[in-house]
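For reference, data-v6.cif (mmCIF, C-alpha atoms):
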data_query
loop_
_atom_site.label_atom_id
_atom_site.label_comp_id
_atom_site.auth_asym_id
_atom_site.auth_seq_id
_atom_site.Cartn_x
_atom_site.Cartn_y
_atom_site.Cartn_z
CA MET A 1 9.83 -6.33 -44.52
CA HIS A 2 7.69 -4.43 -46.97
CA PRO A 3 6.73 -0.90 -46.14
CA THR A 4 3.14 -0.76 -45.06
CA THR A 5 0.94 1.02 -47.51
CA ASP A 6 -2.14 1.50 -45.36
CA ASP A 7 -0.22 3.66 -42.92
CA SER A 8 -0.83 6.94 -44.71
CA SER A 9 -4.50 7.30 -44.03
CA ASP A 10 -6.54 10.13 -45.43
CA PRO A 11 -5.37 13.34 -43.71
CA GLY A 12 -8.93 14.60 -43.53
CA ARG A 13 -10.20 11.84 -41.30
CA VAL A 14 -12.30 13.04 -38.42
CA ASP A 15 -10.97 10.51 -35.95
CA SER A 16 -7.32 10.96 -36.84
CA SER A 17 -6.52 11.85 -33.24
CA LEU A 18 -7.85 8.45 -32.25
CA SER A 19 -5.89 6.59 -34.93
CA LEU A 20 -3.61 4.99 -32.35
CA LEU A 21 -6.53 3.44 -30.49
CA THR A 22 -8.31 2.52 -33.70
CA ARG A 23 -5.25 0.79 -35.07
CA LEU A 24 -4.65 -0.94 -31.78
CA THR A 25 -8.07 -2.56 -31.86
CA ALA A 26 -8.31 -3.08 -35.64
CA GLU A 27 -4.86 -4.46 -36.45
CA THR A 28 -4.63 -7.16 -33.89
CA LEU A 29 -2.91 -9.67 -36.14
CA ASP A 30 0.77 -9.21 -36.77
CA PRO A 31 0.97 -7.53 -40.24
CA GLY A 32 3.86 -9.88 -41.01
CA TYR A 33 1.43 -12.72 -41.69
CA ALA A 34 -0.38 -10.71 -44.37
CA HIS A 35 2.90 -9.68 -45.95
CA ALA A 36 4.15 -13.26 -45.97
CA ALA A 37 0.90 -14.43 -47.54
CA ALA A 38 1.15 -11.75 -50.21
CA ARG A 39 4.75 -12.71 -50.90
CA ARG A 40 3.77 -16.35 -51.24
CA ALA A 41 0.98 -15.42 -53.63
CA ARG A 42 3.42 -13.43 -55.78
CA ALA A 43 5.88 -16.30 -55.82
CA GLN A 44 3.07 -18.63 -56.81
CA VAL A 45 2.18 -16.38 -59.74
CA ALA A 46 5.81 -16.12 -60.86
CA CYS A 47 6.45 -19.84 -60.82
CA PRO A 48 3.18 -21.72 -60.88
CA ASP A 49 4.90 -25.07 -60.54
CA GLY A 50 6.38 -23.96 -57.24
CA SER A 51 9.65 -25.72 -57.84
CA ALA A 52 12.09 -22.88 -58.42
CA GLN A 53 10.94 -20.76 -55.47
CA PRO A 54 9.37 -22.92 -52.84
CA HIS A 55 6.66 -20.90 -51.13
CA ALA A 56 7.31 -22.34 -47.75
CA SER A 57 9.43 -20.12 -45.58
CA GLY A 58 12.37 -21.09 -43.52
CA LEU A 59 15.72 -19.85 -42.46
CA ARG A 60 18.05 -19.83 -45.41
CA THR A 61 21.44 -18.43 -46.25
CA ARG A 62 21.86 -15.62 -48.73
CA SER A 63 22.53 -18.15 -51.48
CA GLY A 64 19.12 -19.66 -50.82
CA ARG A 65 20.27 -22.86 -49.16
CA ALA A 66 17.89 -23.89 -46.43
CA VAL A 67 19.43 -23.92 -42.95
CA LEU A 68 16.27 -24.88 -41.17
CA GLY A 69 13.09 -26.01 -42.83
CA PRO A 70 9.73 -24.47 -42.02
CA ARG A 71 8.73 -27.45 -39.92
CA GLY A 72 11.93 -27.28 -37.94
CA LEU A 73 11.38 -23.57 -37.44
CA ARG A 74 7.85 -24.15 -36.22
CA LEU A 75 9.06 -26.88 -33.88
CA LEU A 76 11.73 -24.59 -32.52
CA GLY A 77 9.27 -21.75 -31.99
CA LEU A 78 6.74 -23.91 -30.18
CA ILE A 79 9.46 -25.44 -28.02
CA GLY A 80 10.52 -21.92 -27.14
CA VAL A 81 6.94 -20.91 -26.26
CA SER A 82 6.26 -23.92 -24.09
CA VAL A 83 9.65 -23.75 -22.36
CA LEU A 84 8.96 -20.13 -21.50
CA LEU A 85 5.45 -20.86 -20.20
CA THR A 86 6.63 -23.87 -18.19
CA VAL A 87 9.55 -22.00 -16.66
CA ALA A 88 7.24 -19.13 -15.75
CA ALA A 89 4.71 -21.49 -14.17
CA VAL A 90 7.38 -23.36 -12.19
CA HIS A 91 8.96 -20.08 -11.11
CA GLU A 92 5.60 -18.69 -9.98
CA ARG A 93 4.85 -21.85 -7.98
CA ASP A 94 8.27 -21.73 -6.29
CA ARG A 95 7.83 -18.06 -5.51
CA ALA A 96 4.41 -18.63 -3.92
CA ALA A 97 5.88 -21.42 -1.81
CA ALA A 98 8.78 -19.20 -0.77
CA VAL A 99 6.44 -16.38 0.22
CA ALA A 100 4.25 -18.77 2.21
CA ALA A 101 7.30 -20.23 3.98
CA GLU A 102 8.53 -16.74 4.82
CA HIS A 103 5.12 -15.83 6.23
CA ARG A 104 5.04 -18.99 8.34
CA GLY A 105 8.53 -18.23 9.62
CA LEU A 106 7.51 -14.71 10.62
CA VAL A 107 4.39 -15.97 12.40
CA THR A 108 6.47 -18.53 14.32
CA GLU A 109 9.00 -15.86 15.23
CA VAL A 110 6.28 -13.50 16.50
CA GLU A 111 4.70 -16.25 18.57
CA LYS A 112 8.06 -17.21 20.03
CA ARG A 113 8.84 -13.62 20.97
CA LEU A 114 5.40 -13.12 22.52
CA ALA A 115 5.88 -16.26 24.59
CA GLY A 116 9.26 -14.89 25.67
CA VAL A 117 7.66 -11.60 26.70
CA ASP A 118 5.06 -13.50 28.70
CA ARG A 119 7.77 -15.52 30.44
CA LEU A 120 9.78 -12.42 31.30
CA ALA A 121 6.64 -10.67 32.57
CA ALA A 122 5.94 -13.59 34.87
CA GLN A 123 9.54 -13.40 36.11
CA VAL A 124 9.17 -9.69 36.78
CA GLY A 125 6.05 -10.42 38.82
CA VAL A 126 7.81 -13.08 40.89
CA VAL A 127 10.87 -10.94 41.53
CA ARG A 128 8.75 -7.94 42.39
CA THR A 129 6.80 -9.97 44.96
CA GLN A 130 10.09 -11.15 46.50
CA VAL A 131 11.41 -7.60 46.63
CA SER A 132 8.32 -6.26 48.35
CA ALA A 133 8.26 -9.16 50.80
CA GLN A 134 11.89 -8.56 51.77
CA ARG A 135 11.34 -4.82 51.92
CA SER A 136 8.40 -5.14 54.30
CA ALA A 137 10.33 -7.65 56.39
CA LEU A 138 13.10 -5.07 56.76
CA LEU A 139 10.73 -2.17 57.38
CA LEU A 140 8.62 -3.99 59.95
CA SER A 141 11.57 -4.00 62.36
CA SER A 142 10.82 -0.41 63.38
CA SER A 143 7.59 1.47 64.03
CA ALA A 144 8.38 4.19 61.50
CA GLY A 145 9.24 1.45 59.02
CA ALA A 146 5.92 -0.27 59.70
CA LYS A 147 4.09 2.96 58.85
CA LEU A 148 6.15 3.30 55.71
CA SER A 149 5.45 -0.32 54.79
CA ALA A 150 1.70 0.20 55.06
CA ARG A 151 1.95 3.31 52.92
CA LEU A 152 4.00 1.42 50.32
CA ALA A 153 1.43 -1.37 50.21
CA THR A 154 -1.34 1.16 49.53
CA LEU A 155 0.73 2.89 46.85
CA ASP A 156 1.57 -0.46 45.22
CA ALA A 157 -2.12 -1.28 45.08
CA VAL A 158 -3.19 2.11 43.75
CA THR A 159 -0.48 2.46 41.14
CA GLY A 160 -1.01 -1.04 39.82
CA VAL A 161 2.26 -2.66 40.88
CA ALA A 162 0.69 -5.14 43.28
CA PRO A 163 -1.66 -7.92 42.16
CA LEU A 164 -5.04 -7.39 43.81
CA HIS A 165 -8.16 -9.41 44.50
CA GLY A 166 -11.60 -8.67 45.77
CA PRO A 167 -15.25 -8.54 44.73
CA GLY A 168 -16.02 -6.96 41.41
CA LEU A 169 -17.40 -7.04 37.90
CA VAL A 170 -16.48 -8.96 34.76
CA LEU A 171 -17.33 -7.28 31.48
CA THR A 172 -16.95 -9.41 28.35
CA ILE A 173 -17.04 -7.78 24.93
CA THR A 174 -17.13 -9.89 21.75
CA ASP A 175 -17.03 -9.26 18.03
CA ALA A 176 -20.26 -9.67 16.11
CA PRO A 177 -20.72 -13.29 15.00
CA GLY A 178 -19.34 -14.12 11.55
CA VAL A 179 -17.23 -10.99 11.27
CA ASP A 180 -14.02 -10.94 9.26
CA ALA A 181 -11.43 -11.00 12.02
CA THR A 182 -8.47 -10.35 9.72
CA ALA A 183 -9.59 -7.03 8.29
CA PRO A 184 -7.62 -4.04 9.47
CA LEU A 185 -9.31 -2.07 12.21
CA GLY A 186 -10.65 1.33 11.37
CA PRO A 187 -13.38 3.75 12.25
CA ARG A 188 -16.87 2.37 11.68
CA THR A 189 -18.31 3.70 8.49
CA SER A 190 -21.59 1.96 7.78
CA THR A 191 -23.55 -1.03 8.97
CA GLY A 192 -22.87 -2.76 5.66
CA ALA A 193 -19.09 -2.85 6.01
CA SER A 194 -17.68 -6.30 6.73
CA SER A 195 -15.43 -5.04 9.51
CA SER A 196 -18.03 -2.87 11.26
CA GLY A 197 -18.94 -5.71 13.61
CA ARG A 198 -15.44 -5.77 15.06
CA VAL A 199 -14.60 -4.30 18.40
CA ILE A 200 -12.18 -1.41 17.94
CA ASP A 201 -9.78 0.23 20.35
CA GLN A 202 -12.16 3.11 20.97
CA ASP A 203 -14.82 0.68 22.28
CA LEU A 204 -12.39 -0.73 24.82
CA GLN A 205 -11.36 2.77 25.88
CA ILE A 206 -15.02 3.62 26.47
CA ALA A 207 -15.54 0.38 28.41
CA ALA A 208 -12.50 1.06 30.60
CA ASN A 209 -13.59 4.62 31.27
CA GLY A 210 -17.10 3.42 32.06
CA LEU A 211 -15.73 0.98 34.62
CA TRP A 212 -13.50 3.64 36.23
CA GLN A 213 -16.52 5.94 36.32
CA ALA A 214 -18.57 3.20 37.96
CA GLY A 215 -16.12 3.13 40.84
CA ALA A 216 -13.65 0.43 39.89
CA GLU A 217 -10.50 0.46 41.99
CA ALA A 218 -8.43 -1.73 39.71
CA ILE A 219 -9.02 -2.96 36.15
CA ALA A 220 -7.33 -5.56 34.00
CA VAL A 221 -8.23 -6.42 30.42
CA ASN A 222 -7.28 -9.87 29.12
CA GLY A 223 -4.73 -10.16 31.90
CA VAL A 224 -3.11 -6.76 31.37
CA ARG A 225 -3.47 -4.38 34.29
CA LEU A 226 -4.61 -0.87 33.43
CA THR A 227 -2.67 1.85 35.22
CA ALA A 228 -2.35 5.59 34.91
CA LEU A 229 0.22 4.94 32.17
CA SER A 230 -1.76 2.37 30.18
CA SER A 231 -2.80 2.86 26.58
CA ILE A 232 -5.42 1.11 24.51
CA ARG A 233 -4.85 1.57 20.82
CA SER A 234 -4.88 -0.38 17.59
CA ALA A 235 -2.25 -1.24 15.02
CA GLY A 236 -3.33 -2.96 11.82
CA GLY A 237 -5.79 -5.68 12.75
CA ALA A 238 -4.94 -5.95 16.43
CA ILE A 239 -5.80 -4.05 19.59
CA LEU A 240 -2.79 -3.26 21.72
CA VAL A 241 -2.97 -2.69 25.46
CA ASP A 242 0.33 -1.30 26.68
CA TYR A 243 1.76 -2.36 23.30
CA ARG A 244 0.76 -5.99 23.92
CA PRO A 245 -1.66 -7.42 21.36
CA ILE A 246 -4.86 -8.86 22.79
CA SER A 247 -7.51 -10.80 20.92
CA PRO A 248 -11.26 -11.21 21.36
CA PRO A 249 -13.19 -11.94 23.51
CA TYR A 250 -12.11 -8.92 25.52
CA ARG A 251 -12.55 -9.60 29.22
CA PHE A 252 -12.45 -6.68 31.64
CA VAL A 253 -12.01 -7.55 35.29
CA ALA A 254 -12.76 -4.67 37.65
CA ILE A 255 -12.51 -4.69 41.43
CA ALA A 256 -15.33 -2.66 42.97
CA ASP A 257 -18.43 -2.89 45.12
CA PRO A 258 -20.43 -5.25 42.88
CA GLY A 259 -23.91 -3.85 43.56
CA LEU A 260 -23.03 -0.16 43.45
CA ALA A 261 -20.69 -0.52 40.47
CA LEU A 262 -23.20 -2.55 38.51
CA ALA A 263 -25.89 0.07 38.99
CA ALA A 264 -23.48 2.90 38.23
CA TYR A 265 -22.19 1.20 35.09
CA GLN A 266 -25.65 0.48 33.80
CA ASN A 267 -26.50 4.17 34.09
CA SER A 268 -23.27 5.28 32.44
CA THR A 269 -22.75 6.45 28.88
CA ALA A 270 -20.59 3.37 28.26
CA ALA A 271 -23.58 1.06 28.82
CA GLY A 272 -25.66 3.14 26.41
CA TYR A 273 -22.84 3.05 23.88
CA PHE A 274 -22.61 -0.74 24.02
CA ALA A 275 -26.38 -1.10 23.78
CA LEU A 276 -26.18 0.93 20.57
CA LEU A 277 -23.29 -1.22 19.26
CA ALA A 278 -25.27 -4.38 20.01
CA ALA A 279 -28.36 -3.08 18.22
CA SER A 280 -26.54 -1.70 15.18
CA TYR A 281 -23.60 -4.04 14.66
CA GLY A 282 -24.24 -7.14 16.76
CA ILE A 283 -21.28 -6.55 19.05
CA GLY A 284 -21.89 -8.46 22.27
CA SER A 285 -21.21 -7.20 25.77
CA ARG A 286 -22.07 -9.00 28.99
CA LEU A 287 -21.57 -7.70 32.50
CA ILE A 288 -21.67 -10.01 35.51
CA THR A 289 -20.82 -9.49 39.15
CA SER A 290 -18.43 -11.74 40.98
CA ARG A 291 -17.62 -12.26 44.65
CA GLN A 292 -13.96 -12.83 44.00
CA VAL A 293 -11.92 -11.56 41.09
CA SER A 294 -8.22 -10.90 40.83
CA VAL A 295 -6.12 -8.62 38.68
CA PRO A 296 -2.37 -9.03 38.06
CA GLY A 297 0.19 -6.38 38.79
CA THR A 298 1.49 -4.28 35.93
CA VAL A 299 4.80 -5.16 34.37
CA ASP A 300 5.92 -1.85 33.05
CA LEU A 301 5.79 1.04 35.49
CA THR A 302 8.78 3.04 34.36
CA LEU A 303 8.56 6.80 34.59
CA ARG A 304 10.58 8.31 31.79
CA TYR A 305 10.02 12.03 32.32
CA ALA A 306 8.29 12.56 35.66
CA SER A 307 10.24 12.64 38.90
CA PRO A 308 8.92 13.24 42.43
CA ALA A 309 8.85 16.87 43.51
CA PRO A 310 11.26 17.63 46.39
CA THR A 311 9.56 17.74 49.79
CA PRO A 312 8.48 20.07 51.20
CA SER A 313 7.28 21.37 47.86
CA PRO A 314 8.40 24.93 47.21
CA ALA A 315 5.78 27.67 47.24
CA PRO A 316 4.59 28.68 43.82
CA THR A 317 6.76 31.52 42.59
CA GLY A 318 4.29 32.87 40.11
CA ALA A 319 6.77 32.44 37.29
CA GLY A 320 4.75 29.59 35.77
CA VAL A 321 2.24 29.78 33.01
CA ARG A 322 -0.93 31.47 34.15
CA MET B 1 1.25 -33.01 -35.21
CA ILE B 2 4.54 -31.18 -35.19
CA ALA B 3 2.91 -28.45 -33.10
CA ALA B 4 1.87 -30.89 -30.39
CA LEU B 5 5.34 -32.45 -30.48
CA GLY B 6 6.94 -29.05 -30.04
CA LEU B 7 4.69 -28.14 -27.11
CA VAL B 8 5.27 -31.46 -25.35
CA VAL B 9 9.03 -31.32 -25.88
CA GLY B 10 9.08 -27.76 -24.56
CA ILE B 11 7.09 -28.65 -21.42
CA VAL B 12 9.29 -31.69 -20.76
CA LEU B 13 12.42 -29.60 -21.27
CA GLY B 14 11.13 -26.91 -18.94
CA LEU B 15 10.24 -29.42 -16.24
CA LEU B 16 13.37 -31.56 -16.55
CA LEU B 17 15.95 -28.82 -16.78
CA GLU B 18 14.16 -26.67 -14.17
CA PRO B 19 16.23 -23.64 -15.08
CA THR B 20 16.47 -21.26 -12.16
CA VAL B 21 15.38 -17.81 -13.20
CA PRO B 22 18.05 -15.26 -12.27
CA VAL B 23 16.85 -12.69 -9.80
CA TRP B 24 17.38 -9.76 -12.14
CA MET B 25 15.28 -11.53 -14.78
CA ALA B 26 12.34 -12.44 -12.56
CA PRO B 27 10.45 -9.12 -12.92
CA TYR B 28 10.45 -9.49 -16.72
CA LEU B 29 9.13 -13.04 -16.77
CA PRO B 30 5.41 -12.17 -16.51
CA ILE B 31 5.76 -9.60 -19.28
CA ALA B 32 7.61 -12.14 -21.43
CA VAL B 33 4.81 -14.65 -20.83
CA VAL B 34 2.17 -12.15 -21.92
CA ALA B 35 4.22 -11.36 -25.03
CA ALA B 36 4.58 -15.07 -25.78
CA LEU B 37 0.83 -15.57 -25.39
CA ASP B 38 0.27 -12.73 -27.82
CA ALA B 39 2.51 -14.45 -30.38
CA VAL B 40 0.74 -17.77 -29.81
CA PHE B 41 -2.75 -16.35 -30.22
CA GLY B 42 -1.62 -14.37 -33.27
CA GLY B 43 -0.18 -17.52 -34.83
CA LEU B 44 -3.30 -19.52 -34.06
CA ARG B 45 -5.49 -16.90 -35.66
CA ALA B 46 -3.23 -16.72 -38.71
CA LEU B 47 -3.44 -20.50 -38.97
CA LEU B 48 -7.23 -20.33 -39.00
CA ASP B 49 -7.13 -17.44 -41.46
CA GLY B 50 -4.98 -19.64 -43.67
CA ILE B 51 -2.02 -17.28 -43.75
CA PHE B 52 0.19 -18.88 -41.10
CA ASP B 53 3.86 -18.50 -41.69
CA ASP B 54 6.47 -20.28 -39.60
CA LYS B 55 9.12 -17.63 -39.96
CA VAL B 56 6.77 -14.81 -39.05
CA PHE B 57 5.58 -16.80 -36.04
CA VAL B 58 9.03 -17.51 -34.67
CA VAL B 59 10.34 -14.04 -35.37
CA SER B 60 7.27 -12.41 -33.83
CA PHE B 61 7.54 -14.62 -30.77
CA VAL B 62 11.21 -13.90 -30.14
CA ALA B 63 10.87 -10.21 -30.97
CA ASN B 64 7.74 -9.76 -28.84
CA VAL B 65 9.35 -11.33 -25.80
CA LEU B 66 12.59 -9.40 -26.17
CA VAL B 67 10.97 -6.05 -26.96
CA ALA B 68 8.45 -6.33 -24.13
CA ALA B 69 11.19 -7.21 -21.65
CA LEU B 70 13.40 -4.45 -23.03
CA ILE B 71 10.65 -1.83 -22.71
CA VAL B 72 10.11 -2.75 -19.08
CA LEU B 73 13.86 -2.85 -18.47
CA ILE B 74 14.27 0.65 -19.86
CA GLY B 75 11.23 1.77 -17.89
CA ASP B 76 12.79 0.40 -14.71
CA GLN B 77 15.98 2.33 -15.41
CA LEU B 78 13.94 5.51 -15.95
CA GLY B 79 11.77 4.93 -12.90
CA VAL B 80 8.57 4.33 -14.85
CA GLY B 81 8.81 0.54 -14.98
CA ALA B 82 5.39 -0.03 -13.47
CA GLN B 83 3.69 2.34 -15.90
CA LEU B 84 5.45 0.85 -18.91
CA SER B 85 4.57 -2.69 -17.77
CA THR B 86 0.96 -1.54 -17.61
CA ALA B 87 1.24 -0.09 -21.11
CA VAL B 88 2.72 -3.33 -22.48
CA VAL B 89 0.10 -5.45 -20.74
CA VAL B 90 -2.74 -3.24 -21.97
CA VAL B 91 -1.57 -3.27 -25.61
CA LEU B 92 -0.80 -7.00 -25.66
CA GLY B 93 -3.96 -7.73 -23.68
CA ILE B 94 -6.12 -5.97 -26.25
CA ARG B 95 -4.42 -7.94 -29.02
CA ILE B 96 -4.77 -11.25 -27.22
CA PHE B 97 -8.42 -10.56 -26.54
CA ALA B 98 -9.19 -9.56 -30.14
CA ASN B 99 -7.29 -12.55 -31.53
CA ALA B 100 -9.05 -14.90 -29.16
CA ALA B 101 -12.35 -13.44 -30.34
CA ALA B 102 -11.33 -14.00 -33.97
CA ILE B 103 -10.35 -17.59 -33.19
CA ARG B 104 -13.69 -18.09 -31.49
CA ARG B 105 -15.49 -16.76 -34.57
CA HIS B 106 -13.53 -19.19 -36.73
CA LEU B 107 -14.19 -22.17 -34.53
CA PHE B 108 -17.82 -21.61 -33.60
CA LYS B 109 -18.90 -19.39 -36.49
CA ALA B 110 -20.40 -17.08 -33.92
#

Any chance you could give the structure as structure tokens?
Amino acid sequence: MHPTTDDSSDPGRVDSSLSLLTRLTAETLDPGYAHAAARRARAQVACPDGSAQPHASGLRTRSGRAVLGPRGLRLLGLIGVSVLLTVAAVHERDRAAAVAAEHRGLVTEVEKRLAGVDRLAAQVGVVRTQVSAQRSALLLSSSAGAKLSARLATLDAVTGVAPLHGPGLVLTITDAPGVDATAPLGPRTSTGASSSGRVIDQDLQIAANGLWQAGAEAIAVNGVRLTALSSIRSAGGAILVDYRPISPPYRFVAIADPGLALAAYQNSTAAGYFALLAASYGIGSRLITSRQVSVPGTVDLTLRYASPAPTPSPAPTGAGVR
Amino acid sequence: MIAALGLVVGIVLGLLLEPTVPVWMAPYLPIAVVAALDAVFGGLRALLDGIFDDKVFVVSFVANVLVAALIVLIGDQLGVGAQLSTAVVVVLGIRIFANAAAIRRHLFKA
């Protein structure tokens, strides 16, 4: 290849620091073409008849014997280009299919596992009912046991172990119509954001607290009982209640005195909050009273750190934190 | 004529043989494609400029593909593979765009 002559530009050029960018945009054609053209022109001048030094290029040995003519070379090059492009296209298509298959497999796996969790939860409920039935049958044989049995029943109801039914309220909260339900959940930023019409975990926390405040004795959301140990939080695009994903519409069932609780809820900050959400983002919330609602018992009521204090509880020693 | 023949033969070869791309080579395939496109657009422009040369075309194609893949390979070894891929794509992208513009000027005189 000939040394390029236009490399050594005038040292006094103002834009010499930009020469890389300038060259990048100015010399877009491979300089080899220009050199080859110049070489052909020179050869043409040397032998005008073009017989001794054929101007056409091609692979040739040092002695000048042609190994591959220019047409063969061009054919080879174009075959190479199109093989490369085809292989890349096929590879890309296969890869997309593989990724889609993997995604489908994961979705199936998640659904299977969730169904398994549901099945096991139902089993836990059944077994727990059997245990409590047998326990009360045993306890009812003595008067002290009968007292204990009544106390246990109350505790089961209060702590959320026992399924309960009674009159109450049903609060349904829905995403704004036409909202992108796949966007990850996050704090609301502005009314213009596409995900701002989605119900977030904080909304459900406020709704649950509003219902407790209104006098609810037991609450379940989408079939998950809320207890003293429950959590409502979000991960990615889903709201998790006790680490179980739930999807809209969110349906709170609360057992309470319907009339009193309805009035109390409507005066609470939660009602004002949802009125604001409806006006600003189109999030729907509907509260109705019902004569008969039921909530399931909780599945997970394992204390990991707390243990009952020994009775009678010791007098405070004063050594604690003041 | 011979160009169309070459393209068709290449596509048929690529589809019939269906060569599986080795896993280690897969990351360099997109870069190689961009480099190949650069060579193709360069050759097309040279053809319209009347200075096309078969040898330059083939050599530039092979060298472009190899050098682009090599740059990214070295970048991967050094931990700057993504940045070097970006650099290669930017440089080749500018060239492809400028050559396409030149081809457009040739074809439409505008």

- Message: Report as a list in words all protein, DNA and RNA residues lying within 8 Å of Val8 (chain B), evaluated on only C-alpha atoms, omitting residues in the same chain fewer than 3 positions from it.
- Response: Ile79 and Ser82 of chain A; Ala4, Leu5, Ile11 and Val12 of chain B

- Could you write out as number ranges by chain the residues that the PyMOL selection byres ((chain A) within 9 of (chain B)) matches in the shown file? A: 24-30, 32-34, 36-37, 56-59, 70-88, 90-91

- Message: When the PyMOL selection byres ((chain A and resi 260-268) around 9) is applied to the structure above, which residues does it catch, written out as JSON, numbers by chain?
- Response: {"A": [168, 169, 210, 211, 213, 214, 215, 216, 256, 257, 258, 259, 269, 270, 271, 272, 273, 287, 288, 289]}

- Message: Once the PyMOL selection byres ((chain A and resi 154-159) around 9) has been evaluated on this model, what residues remain selected, and can you format them as JSON, numbers by chain?
- Response: {"A": [149, 150, 151, 152, 153, 160, 161, 162, 163, 164, 217, 218, 227, 228, 297, 298, 301]}

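You will find CA of Ala96 (chain A) at 16.3 Å from CA of Pro22 (chain B).
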
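Distance-wise, CA of Ser285 (chain A) and CA of Gly166 (chain A) end up 22.2 Å apart.
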
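Note that CA of Gly282 (chain A) and CA of Ser234 (chain A) are 20.5 Å apart.
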
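Distances here use all atoms listed in the file; by that measure, the residue among B:Ala69, B:Ala100, B:Leu78, B:Val89 closest to Trp24 (chain B) is B:Ala69.
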
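Closest approach to Arg291 (chain A) among A:Ile232, A:Ala144, A:Val170, A:Val224: A:Val170, based on all atoms listed in the file.
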